[in-house]
>>> print(open('final34.cif').read())   # mmCIF, C-alpha atoms and all ligand atoms
data_final
loop_
_atom_site.label_atom_id
_atom_site.label_comp_id
_atom_site.auth_asym_id
_atom_site.auth_seq_id
_atom_site.Cartn_x
_atom_site.Cartn_y
_atom_site.Cartn_z
CA MET A 1 137.92 50.60 173.75
CA ILE A 2 140.35 49.42 171.07
CA PRO A 3 138.18 46.95 169.12
CA LEU A 4 139.11 43.45 168.01
CA VAL A 5 137.44 43.81 164.61
CA LYS A 6 136.53 46.81 162.48
CA PRO A 7 135.41 47.08 158.85
CA TYR A 8 137.74 48.92 156.49
CA ILE A 9 135.64 51.11 154.16
CA PRO A 10 137.44 53.32 151.62
CA SER A 11 136.84 57.05 152.08
CA ALA A 12 133.58 58.52 150.76
CA ASP A 13 135.23 60.68 148.09
CA ILE A 14 136.62 57.52 146.49
CA LEU A 15 133.82 55.03 147.10
CA MET A 16 130.65 57.11 146.70
CA PRO A 17 131.07 58.22 143.05
CA GLU A 18 131.58 54.56 142.05
CA LEU A 19 128.57 53.42 144.10
CA GLN A 20 126.39 56.18 142.70
CA LYS A 21 127.38 55.26 139.15
CA ILE A 22 126.49 51.59 139.55
CA LEU A 23 123.29 52.20 141.53
CA TYR A 24 121.82 54.35 138.74
CA SER A 25 123.37 52.43 135.84
CA GLY A 26 120.24 50.37 135.24
CA TYR A 27 122.13 47.11 135.90
CA ILE A 28 122.61 46.27 139.58
CA ALA A 29 122.26 42.45 139.44
CA GLU A 30 125.14 40.04 138.63
CA GLY A 31 126.95 41.58 135.69
CA GLU A 32 130.12 43.20 134.41
CA ALA A 33 131.26 44.58 137.79
CA VAL A 34 131.06 41.05 139.25
CA TYR A 35 133.10 39.57 136.38
CA GLN A 36 135.74 42.30 136.70
CA PHE A 37 135.94 41.71 140.45
CA GLU A 38 136.42 37.96 139.85
CA ASP A 39 139.24 38.70 137.45
CA LYS A 40 141.00 41.10 139.85
CA PHE A 41 140.57 38.76 142.80
CA LYS A 42 141.94 35.67 141.07
CA LYS A 43 144.98 37.65 139.89
CA TYR A 44 145.58 38.92 143.43
CA ILE A 45 145.35 35.38 144.83
CA GLY A 46 147.14 33.71 141.93
CA SER A 47 144.34 31.18 141.55
CA PRO A 48 143.32 29.93 138.08
CA TYR A 49 139.58 30.46 138.68
CA SER A 50 137.46 32.37 141.15
CA LEU A 51 133.72 32.66 141.55
CA ALA A 52 132.10 35.60 143.36
CA LEU A 53 129.24 34.68 145.67
CA HIS A 54 126.85 36.28 148.11
CA SER A 55 128.78 34.89 151.09
CA GLY A 56 131.62 32.72 152.28
CA THR A 57 129.05 30.24 153.56
CA ASP A 58 127.80 29.85 149.97
CA ALA A 59 131.38 29.18 148.84
CA LEU A 60 131.73 26.41 151.44
CA HIS A 61 128.38 24.88 150.52
CA ILE A 62 129.23 24.78 146.81
CA ALA A 63 132.71 23.37 147.54
CA LEU A 64 131.16 20.55 149.58
CA ILE A 65 128.74 19.68 146.77
CA LEU A 66 131.54 19.76 144.20
CA SER A 67 133.55 17.43 146.43
CA GLY A 68 130.68 14.94 146.11
CA VAL A 69 129.48 15.27 149.70
CA LYS A 70 125.96 13.89 150.09
CA ASN A 71 123.47 13.01 152.77
CA GLY A 72 124.95 10.35 155.08
CA ASP A 73 128.60 10.95 154.10
CA GLU A 74 131.24 12.10 156.55
CA VAL A 75 133.28 15.31 156.46
CA ILE A 76 136.18 15.84 158.84
CA SER A 77 136.30 19.34 160.27
CA THR A 78 137.36 21.40 163.27
CA PRO A 79 135.33 22.73 166.20
CA MET A 80 137.75 25.69 166.42
CA THR A 81 136.04 28.01 163.95
CA ALA A 82 133.08 30.28 163.33
CA GLU A 83 129.69 28.56 162.90
CA PRO A 84 129.40 28.67 159.05
CA THR A 85 132.23 26.15 158.55
CA ASN A 86 130.19 23.42 160.15
CA THR A 87 126.61 24.53 159.50
CA SER A 88 127.47 24.41 155.78
CA ILE A 89 128.48 20.75 156.21
CA ALA A 90 125.18 20.13 158.01
CA MET A 91 123.36 21.71 155.02
CA THR A 92 124.52 18.82 152.82
CA GLY A 93 123.13 16.23 155.26
CA ALA A 94 126.61 14.86 155.90
CA LYS A 95 127.88 14.04 159.37
CA VAL A 96 130.57 16.29 160.80
CA VAL A 97 133.48 14.28 162.23
CA TRP A 98 135.69 16.25 164.58
CA GLY A 99 139.42 16.23 164.33
CA ASP A 100 141.34 17.34 167.40
CA VAL A 101 143.61 20.39 167.24
CA ASN A 102 147.26 21.12 167.82
CA PRO A 103 147.26 22.46 171.42
CA ASN A 104 149.93 25.03 170.47
CA ASN A 105 147.91 26.84 167.78
CA GLY A 106 144.33 25.53 167.73
CA LEU A 107 144.66 24.34 164.11
CA LEU A 108 143.52 20.86 163.05
CA ASP A 109 146.08 18.20 163.91
CA PRO A 110 146.94 16.10 160.81
CA GLU A 111 147.45 12.91 162.85
CA SER A 112 144.07 13.27 164.51
CA VAL A 113 142.43 13.83 161.10
CA ARG A 114 144.19 10.77 159.69
CA SER A 115 142.86 8.64 162.56
CA MET A 116 139.24 9.66 161.79
CA ILE A 117 139.22 8.78 158.05
CA THR A 118 136.74 6.07 157.03
CA GLU A 119 135.41 4.91 153.64
CA ARG A 120 132.55 7.40 154.10
CA THR A 121 134.90 10.42 154.40
CA LYS A 122 134.22 12.59 151.35
CA ALA A 123 136.08 15.79 152.25
CA ILE A 124 138.34 17.40 154.84
CA VAL A 125 137.59 21.01 155.73
CA LEU A 126 140.58 22.96 157.03
CA VAL A 127 140.19 26.32 158.73
CA HIS A 128 143.15 28.69 158.66
CA TYR A 129 141.93 30.04 161.94
CA ALA A 130 142.58 33.75 162.66
CA GLY A 131 144.87 33.82 159.62
CA MET A 132 147.25 31.08 160.83
CA VAL A 133 147.77 28.43 158.15
CA CYS A 134 147.20 24.72 158.79
CA ASP A 135 150.02 22.22 158.39
CA MET A 136 149.63 21.96 154.60
CA ASP A 137 152.74 19.79 154.12
CA GLU A 138 150.97 17.04 156.08
CA PHE A 139 147.42 17.69 154.84
CA ASN A 140 148.51 17.62 151.20
CA LYS A 141 150.08 14.20 151.86
CA ILE A 142 146.89 12.93 153.52
CA SER A 143 144.74 14.21 150.65
CA ALA A 144 146.94 12.50 148.04
CA GLU A 145 147.22 9.26 150.01
CA TYR A 146 143.46 8.81 150.58
CA HIS A 147 142.19 10.66 147.47
CA ILE A 148 140.06 12.91 149.67
CA PRO A 149 139.65 16.52 148.53
CA ILE A 150 140.58 19.32 150.90
CA ILE A 151 138.38 22.38 151.22
CA GLU A 152 140.27 25.28 152.73
CA ASP A 153 138.10 27.68 154.72
CA ALA A 154 140.18 30.82 154.26
CA ALA A 155 137.59 33.25 155.63
CA HIS A 156 140.28 34.48 158.06
CA ALA A 157 143.24 33.97 155.75
CA LEU A 158 143.17 36.52 152.94
CA GLY A 159 146.86 37.20 152.27
CA SER A 160 148.17 34.20 154.24
CA LYS A 161 150.76 32.09 152.42
CA TYR A 162 151.91 28.53 152.01
CA ASN A 163 155.26 27.86 150.33
CA GLY A 164 155.44 31.56 149.49
CA LYS A 165 152.14 31.49 147.55
CA MET A 166 148.85 33.01 148.62
CA ILE A 167 146.32 30.69 150.18
CA GLY A 168 143.75 30.02 147.44
CA SER A 169 145.78 28.07 144.90
CA ASN A 170 146.78 24.95 146.85
CA SER A 171 143.65 22.82 147.17
CA PRO A 172 140.81 22.11 144.70
CA PHE A 173 138.56 24.47 146.68
CA THR A 174 139.27 27.50 148.84
CA ALA A 175 136.50 29.63 150.35
CA PHE A 176 136.93 33.30 151.23
CA SER A 177 134.51 35.59 153.06
CA LEU A 178 133.97 39.29 152.40
CA GLN A 179 131.61 39.65 155.35
CA ALA A 180 131.67 42.85 157.42
CA ILE A 181 134.48 42.02 159.83
CA LYS A 182 136.92 40.14 157.58
CA HIS A 183 140.22 41.57 156.21
CA MET A 184 138.35 42.88 153.15
CA THR A 185 134.60 43.46 153.02
CA THR A 186 131.96 44.13 150.39
CA VAL A 187 129.37 44.38 153.24
CA ASP A 188 128.59 40.73 152.48
CA GLY A 189 130.21 38.53 149.89
CA GLY A 190 132.42 35.55 149.28
CA PHE A 191 134.74 33.87 146.82
CA LEU A 192 135.32 30.29 145.85
CA CYS A 193 138.73 29.67 144.28
CA LEU A 194 138.90 26.59 142.07
CA LYS A 195 141.48 24.66 140.08
CA THR A 196 139.61 23.37 137.01
CA GLU A 197 137.30 24.83 134.38
CA ALA A 198 134.89 21.92 134.84
CA ASP A 199 134.52 22.76 138.54
CA LEU A 200 134.10 26.43 137.69
CA ASP A 201 131.27 25.70 135.22
CA HIS A 202 129.54 23.41 137.70
CA ALA A 203 129.91 25.96 140.50
CA ARG A 204 128.52 28.69 138.22
CA ARG A 205 125.37 26.68 137.60
CA LEU A 206 124.95 26.00 141.33
CA ARG A 207 125.31 29.74 141.94
CA TRP A 208 122.22 30.46 139.84
CA PHE A 209 119.43 27.89 140.46
CA GLY A 210 121.18 25.26 138.30
CA LEU A 211 120.75 27.38 135.16
CA ASP A 212 123.47 27.78 132.55
CA LYS A 213 123.83 31.53 132.08
CA LYS A 214 125.56 31.04 128.72
CA ARG A 215 122.27 29.78 127.24
CA SER A 216 118.98 31.61 127.03
CA ARG A 217 116.33 30.74 129.61
CA LEU A 218 114.23 28.93 127.00
CA GLU A 219 117.13 26.68 126.02
CA ASN A 220 117.94 25.83 129.63
CA ASP A 221 117.28 22.55 131.39
CA ILE A 222 117.94 22.36 135.13
CA THR A 223 119.44 18.92 135.83
CA GLU A 224 120.65 19.61 139.38
CA VAL A 225 119.13 21.95 141.96
CA GLY A 226 121.16 25.11 142.39
CA PHE A 227 120.84 28.08 144.69
CA LYS A 228 120.62 31.84 144.63
CA TYR A 229 124.17 32.52 145.66
CA ALA A 230 125.23 35.21 143.19
CA MET A 231 127.01 38.42 144.05
CA ASN A 232 125.40 41.57 142.64
CA ASN A 233 127.03 44.51 140.86
CA VAL A 234 126.66 46.79 143.90
CA ASN A 235 128.67 44.55 146.25
CA ALA A 236 131.13 43.88 143.42
CA THR A 237 131.64 47.63 142.91
CA ILE A 238 132.54 48.00 146.58
CA GLY A 239 134.91 45.06 146.06
CA LEU A 240 136.55 46.65 143.03
CA VAL A 241 137.26 49.77 145.07
CA GLN A 242 138.50 47.64 148.01
CA MET A 243 140.96 45.86 145.68
CA ARG A 244 142.87 49.15 145.31
CA PHE A 245 143.60 49.05 149.05
CA VAL A 246 143.75 45.35 149.84
CA GLU A 247 147.53 44.89 149.81
CA ASP A 248 148.03 47.88 152.03
CA ILE A 249 145.29 46.86 154.47
CA VAL A 250 146.32 43.21 154.72
CA GLY A 251 149.92 44.39 155.05
CA LYS A 252 148.97 46.34 158.16
CA TYR A 253 147.50 43.28 159.86
CA ILE A 254 150.67 41.35 159.03
CA ALA A 255 153.04 44.09 160.22
CA ASN A 256 151.15 44.37 163.53
CA GLY A 257 151.09 40.58 163.98
CA GLN A 258 154.81 40.28 163.34
CA TYR A 259 155.44 43.12 165.77
CA TYR A 260 153.57 41.20 168.51
CA ASP A 261 155.49 38.02 167.66
CA ARG A 262 158.71 39.93 168.37
CA MET A 263 157.56 41.95 171.38
CA LEU A 264 155.53 39.36 173.30
CA SER A 265 157.95 36.47 173.04
CA ASN A 266 159.37 36.65 176.54
CA ILE A 267 156.56 37.57 178.89
CA ASP A 268 155.51 35.59 181.94
CA GLY A 269 152.14 33.94 181.39
CA VAL A 270 152.09 34.50 177.61
CA HIS A 271 152.61 31.56 175.25
CA LEU A 272 152.97 32.43 171.58
CA VAL A 273 151.45 30.14 168.97
CA GLU A 274 153.45 27.76 166.84
CA TYR A 275 153.16 28.49 163.08
CA SER A 276 153.03 25.55 160.66
CA PRO A 277 156.12 24.86 158.50
CA HIS A 278 156.38 26.84 155.22
CA THR A 279 153.47 29.12 156.12
CA GLU A 280 153.00 32.85 156.71
CA ALA A 281 150.03 34.10 158.73
CA SER A 282 147.97 37.14 157.78
CA TYR A 283 146.92 37.77 161.40
CA TRP A 284 143.23 38.52 161.00
CA LEU A 285 143.24 38.33 164.81
CA TYR A 286 146.36 38.09 166.92
CA THR A 287 146.14 34.77 168.75
CA MET A 288 148.04 33.54 171.78
CA ARG A 289 147.59 31.47 174.92
CA VAL A 290 147.59 33.20 178.29
CA GLU A 291 147.58 31.90 181.82
CA ARG A 292 144.69 33.06 184.06
CA ARG A 293 142.73 34.16 180.98
CA ASN A 294 139.80 35.79 182.80
CA ALA A 295 142.16 37.99 184.78
CA PHE A 296 144.01 38.86 181.56
CA ILE A 297 140.78 39.87 179.80
CA LYS A 298 139.75 42.02 182.79
CA ALA A 299 143.14 43.75 182.94
CA MET A 300 142.94 44.51 179.22
CA GLU A 301 139.39 45.79 179.60
CA ALA A 302 140.54 48.16 182.34
CA ALA A 303 143.17 49.45 179.87
CA LYS A 304 140.44 49.88 177.19
CA ILE A 305 141.74 47.04 175.05
CA THR A 306 139.34 44.36 173.80
CA ALA A 307 140.70 40.86 174.44
CA SER A 308 138.48 37.86 173.82
CA PRO A 309 138.41 34.27 172.57
CA LEU A 310 135.68 35.52 170.17
CA HIS A 311 134.54 32.14 168.82
CA HIS A 312 132.40 29.49 170.47
CA ARG A 313 133.54 25.92 169.80
CA SER A 314 131.21 24.27 167.27
CA ASP A 315 131.05 20.81 168.81
CA THR A 316 128.88 21.91 171.75
CA HIS A 317 125.88 22.85 169.56
CA SER A 318 122.87 20.51 169.80
CA ILE A 319 122.78 19.96 166.02
CA PHE A 320 126.19 18.25 166.31
CA LYS A 321 125.24 16.02 169.25
CA ALA A 322 125.71 12.86 167.19
CA SER A 323 129.31 13.88 166.41
CA LYS A 324 130.35 14.46 170.03
CA ARG A 325 133.65 12.90 171.09
CA GLU A 326 136.55 13.56 173.44
CA LEU A 327 138.96 16.23 172.14
CA PRO A 328 141.54 16.68 174.88
CA ASN A 329 143.81 19.06 172.98
CA MET A 330 140.84 21.21 171.98
CA ASP A 331 139.79 21.39 175.66
CA LYS A 332 143.25 22.59 176.65
CA TRP A 333 143.52 25.12 173.81
CA TYR A 334 139.98 26.40 174.32
CA SER A 335 140.57 27.21 177.97
CA GLU A 336 143.67 29.33 177.30
CA PHE A 337 143.54 31.04 173.90
CA VAL A 338 142.72 34.70 173.47
CA HIS A 339 142.81 37.34 170.73
CA ILE A 340 144.05 40.91 170.97
CA PRO A 341 143.51 43.70 168.40
CA CYS A 342 145.84 43.49 165.42
CA GLY A 343 144.12 45.10 162.42
CA TRP A 344 144.60 48.15 160.17
CA TRP A 345 143.18 50.55 162.81
CA LEU A 346 146.12 50.03 165.19
CA THR A 347 148.70 52.80 164.99
CA GLU A 348 152.30 52.16 166.05
CA GLU A 349 151.52 54.02 169.28
CA LYS A 350 148.48 51.88 170.01
CA ARG A 351 150.24 48.58 169.43
CA GLU A 352 153.12 49.70 171.63
CA TYR A 353 150.60 50.68 174.29
CA ILE A 354 149.00 47.20 174.10
CA VAL A 355 152.40 45.51 174.51
CA ASN A 356 153.20 47.70 177.52
CA MET A 357 149.87 46.92 179.15
CA ILE A 358 150.51 43.18 178.70
CA LYS A 359 154.05 43.55 180.10
CA LYS A 360 152.61 45.16 183.25
CA GLY A 361 151.09 41.78 184.09
CA TRP A 362 147.61 40.76 185.31
C1 LIG B 401 133.00 34.53 158.30
C2 LIG B 401 133.29 33.08 158.18
C3 LIG B 401 132.75 32.24 157.19
C4 LIG B 401 131.67 32.59 156.22
O1 LIG B 401 131.37 33.81 156.09
P1 LIG B 401 130.08 34.57 155.51
O2 LIG B 401 129.63 35.37 156.65
O3 LIG B 401 129.09 33.56 155.04
O4 LIG B 401 130.68 35.34 154.40
C5 LIG B 401 133.18 30.94 157.10
N1 LIG B 401 134.12 30.46 157.94
C6 LIG B 401 134.68 31.21 158.90
C7 LIG B 401 135.71 30.60 159.76
C8 LIG B 401 134.26 32.53 159.07
O5 LIG B 401 134.80 33.27 160.05
#
>>> encode(input="final34.cif", output="structure tokens", more="lines below")
Ligand SMILES: *Cc1c(COP(=O)(O)O)cnc(C)c1O
Amino acid sequence: MIPLVKPYIPSADILMPELQKILYSGYIAEGEAVYQFEDKFKKYIGSPYSLALHSGTDALHIALILSGVKNGDEVISTPMTAEPTNTSIAMTGAKVVWGDVNPNNGLLDPESVRSMITERTKAIVLVHYAGMVCDMDEFNKISAEYHIPIIEDAAHALGSKYNGKMIGSNSPFTAFSLQAIKHMTTVDGGFLCLKTEADLDHARRLRWFGLDKKRSRLENDITEVGFKYAMNNVNATIGLVQMRFVEDIVGKYIANGQYYDRMLSNIDGVHLVEYSPHTEASYWLYTMRVERRNAFIKAMEAAKITASPLHHRSDTHSIFKASKRELPNMDKWYSEFVHIPCGWWLTEEKREYIVNMIKKGW
């Protein structure tokens, strides 16, 4: 089977000497390797500040707290995502309020979000689902008009762009994931990109129990409860090695995605997604709508190609019962969308084979 997701791990001759060095260095906790990784990552993204964390979920949780989200507040989000986007909102005690999606790409619809804003809305969480970028022209306007911060969940969007710039420098907070199946992995890990030094300092304290690492333990006074969200030097060392390959690897996802955009544009039963203005996708998964989806998935399976919707809509979970509402566009999108393999492991032959199998019909 050609898989939908697959971790990219640099070859052993390159990775293992670095791992061995750090493992026996006597310093495997948060340290120099983490700070170097933060520096490399923020330069790659073009973001003023970046904080390395144990996971993307941690990045979302800290971003919500920094946005001022508290118990009883409201956060507008999307059901079209992986679970951590919305469980991290639930962790703050805030109520998730669902926006409906654009039925042509599954991304949050700005007009629907606008219609759900109340005086209790403390943040809007946008998911650049599967590497497609939300309609940032409109969301930036909404954020400025209502003074509500946007948190971009860019777990799928490493290397995606808005206005020619990498996702990660637009909003006050952008969360990335380095979990096993994302574009780039450190086994587990995450980044929070931030815009101000004050937010960075606050986020740093939240990363480590609420302690200020610049002061000695005896001089410290915890004034706000923090967490144990730090990245360690071992994961960071994997990350530093991954950074040597990241442009090449992300570039392969993008080249394969653009190839599908060209080759699948005129096929009966296939509807390509609509990309938001001034954005460039990084195609973590190739996403499209197909007619008779079950038959499509079966035909692909017979050809040894994994095709799947992959994610379960968040709004059907019991913990979000109180947020339930009608989302007609989400219903339509959810019944038709599917992903096909698009990542670095696809050779030119394999992607051509996938296109030919789709052209055969189902
Ligand atoms: C993977 C993922 C996250 C968080 O990832 P971690 O596993 O905590 O690193 C957040 N949002 C989305 C949409 C994801 O797919």
>>> atom_distance(input="final34.cif", atom1="CA of Leu158 (chain A)", atom2="CA of Asn86 (chain A)")
19.8 Å
>>> closest_residue(input="final34.cif", among="A:Asp39, A:Asp13, A:Asp188, A:Glu336", to="ligand LIG 401 (chain B)", atoms="only C-alpha atoms and all ligand atoms")
A:Asp188
>>> residues_near_ligand(input="final34.cif", ligand="ligand LIG 401 (chain B)", cutoff="7 Å", atoms="only C-alpha atoms and all ligand atoms", output="ChimeraX atom specification")
/A:55-58,81-85,127,129,153,155-156,177-179,182,188-190
>>> atom_distance(input="final34.cif", atom1="CA of Asn233 (chain A)", atom2="CA of Ala180 (chain A)")
17.3 Å
>>> atom_distance(input="final34.cif", atom1="CA of Lys321 (chain A)", atom2="CA of Asn71 (chain A)")
16.8 Å
>>> residues_around(input="final34.cif", residues="Lys359 (chain A)", least_positions_apart="2", cutoff="10 Å", atoms="only C-alpha atoms", output="ChimeraX atom specification")
/A:263-264,266-270,353-357,361-362
>>> residues_around(input="final34.cif", residues="Gly31 (chain A)", least_positions_apart="6", cutoff="12 Å", atoms="only C-alpha atoms", output="count of residues only")
14
>>> residues_around(input="final34.cif", residues="region 243-256 of chain A", least_positions_apart="2", cutoff="7 Å", atoms="only C-alpha atoms", output="PyMOL selection string")
chain A and resi 159+183-184+239-241+258-260+282-284+342-344
>>> residues_around(input="final34.cif", residues="Tyr229 (chain A)", least_positions_apart="2", cutoff="6 Å", atoms="only C-alpha atoms", output="number ranges by chain")
A: 53-54, 207, 227
>>> closest_residue(input="final34.cif", among="A:Pro309, A:Gly164, A:Pro7, A:Gly257", to="Tyr286 (chain A)", atoms="all atoms listed in the file")
A:Gly257
>>> residues_around(input="final34.cif", residues="Ser335 (chain A)", least_positions_apart="5", cutoff="9 Å", atoms="all atoms listed in the file", output="PyMOL selection string")
chain A and resi 289+293+330
>>> closest_residue(input="final34.cif", among="A:Asp73, A:Met91, A:Tyr44, A:Val96", to="Arg120 (chain A)", atoms="all atoms listed in the file")
A:Asp73
>>> closest_residue(input="final34.cif", among="A:His311, A:Lys6, A:Arg325, A:Arg204", to="Tyr35 (chain A)", atoms="only C-alpha atoms")
A:Arg204
>>> closest_residue(input="final34.cif", among="A:Asp331, A:Glu219, A:Glu326, A:Glu111", to="Arg313 (chain A)", atoms="all atoms listed in the file")
A:Asp331
>>> closest_residue(input="final34.cif", among="A:Phe139, A:Phe191, A:Phe296, A:Trp208", to="Phe337 (chain A)", atoms="all atoms listed in the file")
A:Phe296
>>> axis_aligned_box(input="final34.cif", around="region 146-149 of chain A", padding_each_side="6 Å", output="JSON")
{"center_x": 141.6, "center_y": 12.7, "center_z": 149.0, "size_x": 15.8, "size_y": 19.7, "size_z": 15.1}
>>> residues_near_point(input="final34.cif", point="(142.6, 11.5, 146.4)", cutoff="12 Å", atoms="only C-alpha atoms", output="list of chain:residue names")
A:Ser67, A:Thr121, A:Lys122, A:Ala123, A:Ile124, A:Phe139, A:Asn140, A:Lys141, A:Ile142, A:Ser143, A:Ala144, A:Glu145, A:Tyr146, A:His147, A:Ile148, A:Pro149, A:Ile150, A:Ser171, A:Pro172
>>> build_atoms(input="final34.cif", residues="region 346-354 of chain A", atoms="all heavy atoms", output="mmCIF file, in the coordinates of the input")
data_model
loop_
_atom_site.group_PDB
_atom_site.id
_atom_site.type_symbol
_atom_site.label_atom_id
_atom_site.label_comp_id
_atom_site.auth_asym_id
_atom_site.auth_seq_id
_atom_site.Cartn_x
_atom_site.Cartn_y
_atom_site.Cartn_z
ATOM 1 N N LEU A 346 145.125 49.838 164.133
ATOM 2 C CA LEU A 346 146.120 50.030 165.190
ATOM 3 C C LEU A 346 147.271 50.877 164.674
ATOM 4 O O LEU A 346 147.952 50.497 163.740
ATOM 5 C CB LEU A 346 146.721 48.683 165.606
ATOM 6 C CG LEU A 346 145.984 47.794 166.574
ATOM 7 C CD1 LEU A 346 146.961 46.762 167.123
ATOM 8 C CD2 LEU A 346 145.351 48.573 167.701
ATOM 9 N N THR A 347 147.516 51.995 165.324
ATOM 10 C CA THR A 347 148.700 52.800 164.990
ATOM 11 C C THR A 347 149.896 52.193 165.705
ATOM 12 O O THR A 347 149.748 51.339 166.584
ATOM 13 C CB THR A 347 148.509 54.239 165.499
ATOM 14 O OG1 THR A 347 148.282 54.161 166.918
ATOM 15 C CG2 THR A 347 147.326 54.907 164.825
ATOM 16 N N GLU A 348 151.091 52.650 165.353
ATOM 17 C CA GLU A 348 152.300 52.160 166.050
ATOM 18 C C GLU A 348 152.224 52.484 167.540
ATOM 19 O O GLU A 348 152.642 51.689 168.372
ATOM 20 C CB GLU A 348 153.559 52.771 165.424
ATOM 21 C CG GLU A 348 153.829 52.156 164.060
ATOM 22 C CD GLU A 348 155.168 52.549 163.470
ATOM 23 O OE1 GLU A 348 156.015 53.132 164.182
ATOM 24 O OE2 GLU A 348 155.358 52.258 162.272
ATOM 25 N N GLU A 349 151.675 53.658 167.857
ATOM 26 C CA GLU A 349 151.520 54.020 169.280
ATOM 27 C C GLU A 349 150.590 53.057 170.011
ATOM 28 O O GLU A 349 150.869 52.634 171.130
ATOM 29 C CB GLU A 349 150.911 55.419 169.409
ATOM 30 C CG GLU A 349 151.892 56.532 169.419
ATOM 31 C CD GLU A 349 151.254 57.830 168.932
ATOM 32 O OE1 GLU A 349 150.055 58.066 169.229
ATOM 33 O OE2 GLU A 349 151.961 58.583 168.237
ATOM 34 N N LYS A 350 149.471 52.751 169.354
ATOM 35 C CA LYS A 350 148.480 51.880 170.010
ATOM 36 C C LYS A 350 149.039 50.482 170.240
ATOM 37 O O LYS A 350 148.840 49.886 171.293
ATOM 38 C CB LYS A 350 147.199 51.809 169.176
ATOM 39 C CG LYS A 350 146.292 53.011 169.366
ATOM 40 C CD LYS A 350 144.814 52.615 169.305
ATOM 41 C CE LYS A 350 143.905 53.814 169.517
ATOM 42 N NZ LYS A 350 143.386 54.375 168.253
ATOM 43 N N ARG A 351 149.741 49.952 169.239
ATOM 44 C CA ARG A 351 150.240 48.580 169.430
ATOM 45 C C ARG A 351 151.322 48.539 170.505
ATOM 46 O O ARG A 351 151.436 47.585 171.262
ATOM 47 C CB ARG A 351 150.674 47.957 168.103
ATOM 48 C CG ARG A 351 151.947 48.529 167.527
ATOM 49 C CD ARG A 351 152.223 48.016 166.120
ATOM 50 N NE ARG A 351 153.595 48.329 165.740
ATOM 51 C CZ ARG A 351 154.113 48.141 164.541
ATOM 52 N NH1 ARG A 351 153.366 47.622 163.571
ATOM 53 N NH2 ARG A 351 155.375 48.427 164.289
ATOM 54 N N GLU A 352 152.105 49.618 170.592
ATOM 55 C CA GLU A 352 153.120 49.700 171.630
ATOM 56 C C GLU A 352 152.448 49.786 173.011
ATOM 57 O O GLU A 352 152.881 49.146 173.976
ATOM 58 C CB GLU A 352 153.980 50.944 171.380
ATOM 59 C CG GLU A 352 155.278 50.959 172.141
ATOM 60 C CD GLU A 352 156.072 52.238 171.884
ATOM 61 O OE1 GLU A 352 156.058 52.740 170.732
ATOM 62 O OE2 GLU A 352 156.686 52.734 172.846
ATOM 63 N N TYR A 353 151.370 50.551 173.050
ATOM 64 C CA TYR A 353 150.600 50.680 174.290
ATOM 65 C C TYR A 353 150.063 49.303 174.725
ATOM 66 O O TYR A 353 150.153 48.928 175.903
ATOM 67 C CB TYR A 353 149.438 51.663 174.058
ATOM 68 C CG TYR A 353 148.382 51.670 175.127
ATOM 69 C CD1 TYR A 353 148.631 52.259 176.363
ATOM 70 C CD2 TYR A 353 147.138 51.075 174.906
ATOM 71 C CE1 TYR A 353 147.645 52.252 177.360
ATOM 72 C CE2 TYR A 353 146.160 51.065 175.882
ATOM 73 C CZ TYR A 353 146.419 51.657 177.110
ATOM 74 O OH TYR A 353 145.456 51.641 178.081
ATOM 75 N N ILE A 354 149.547 48.526 173.769
ATOM 76 C CA ILE A 354 149.000 47.200 174.100
ATOM 77 C C ILE A 354 150.112 46.302 174.659
ATOM 78 O O ILE A 354 149.934 45.639 175.685
ATOM 79 C CB ILE A 354 148.316 46.564 172.858
ATOM 80 C CG1 ILE A 354 147.054 47.367 172.494
ATOM 81 C CG2 ILE A 354 147.977 45.092 173.108
ATOM 82 C CD1 ILE A 354 146.377 46.955 171.192
#
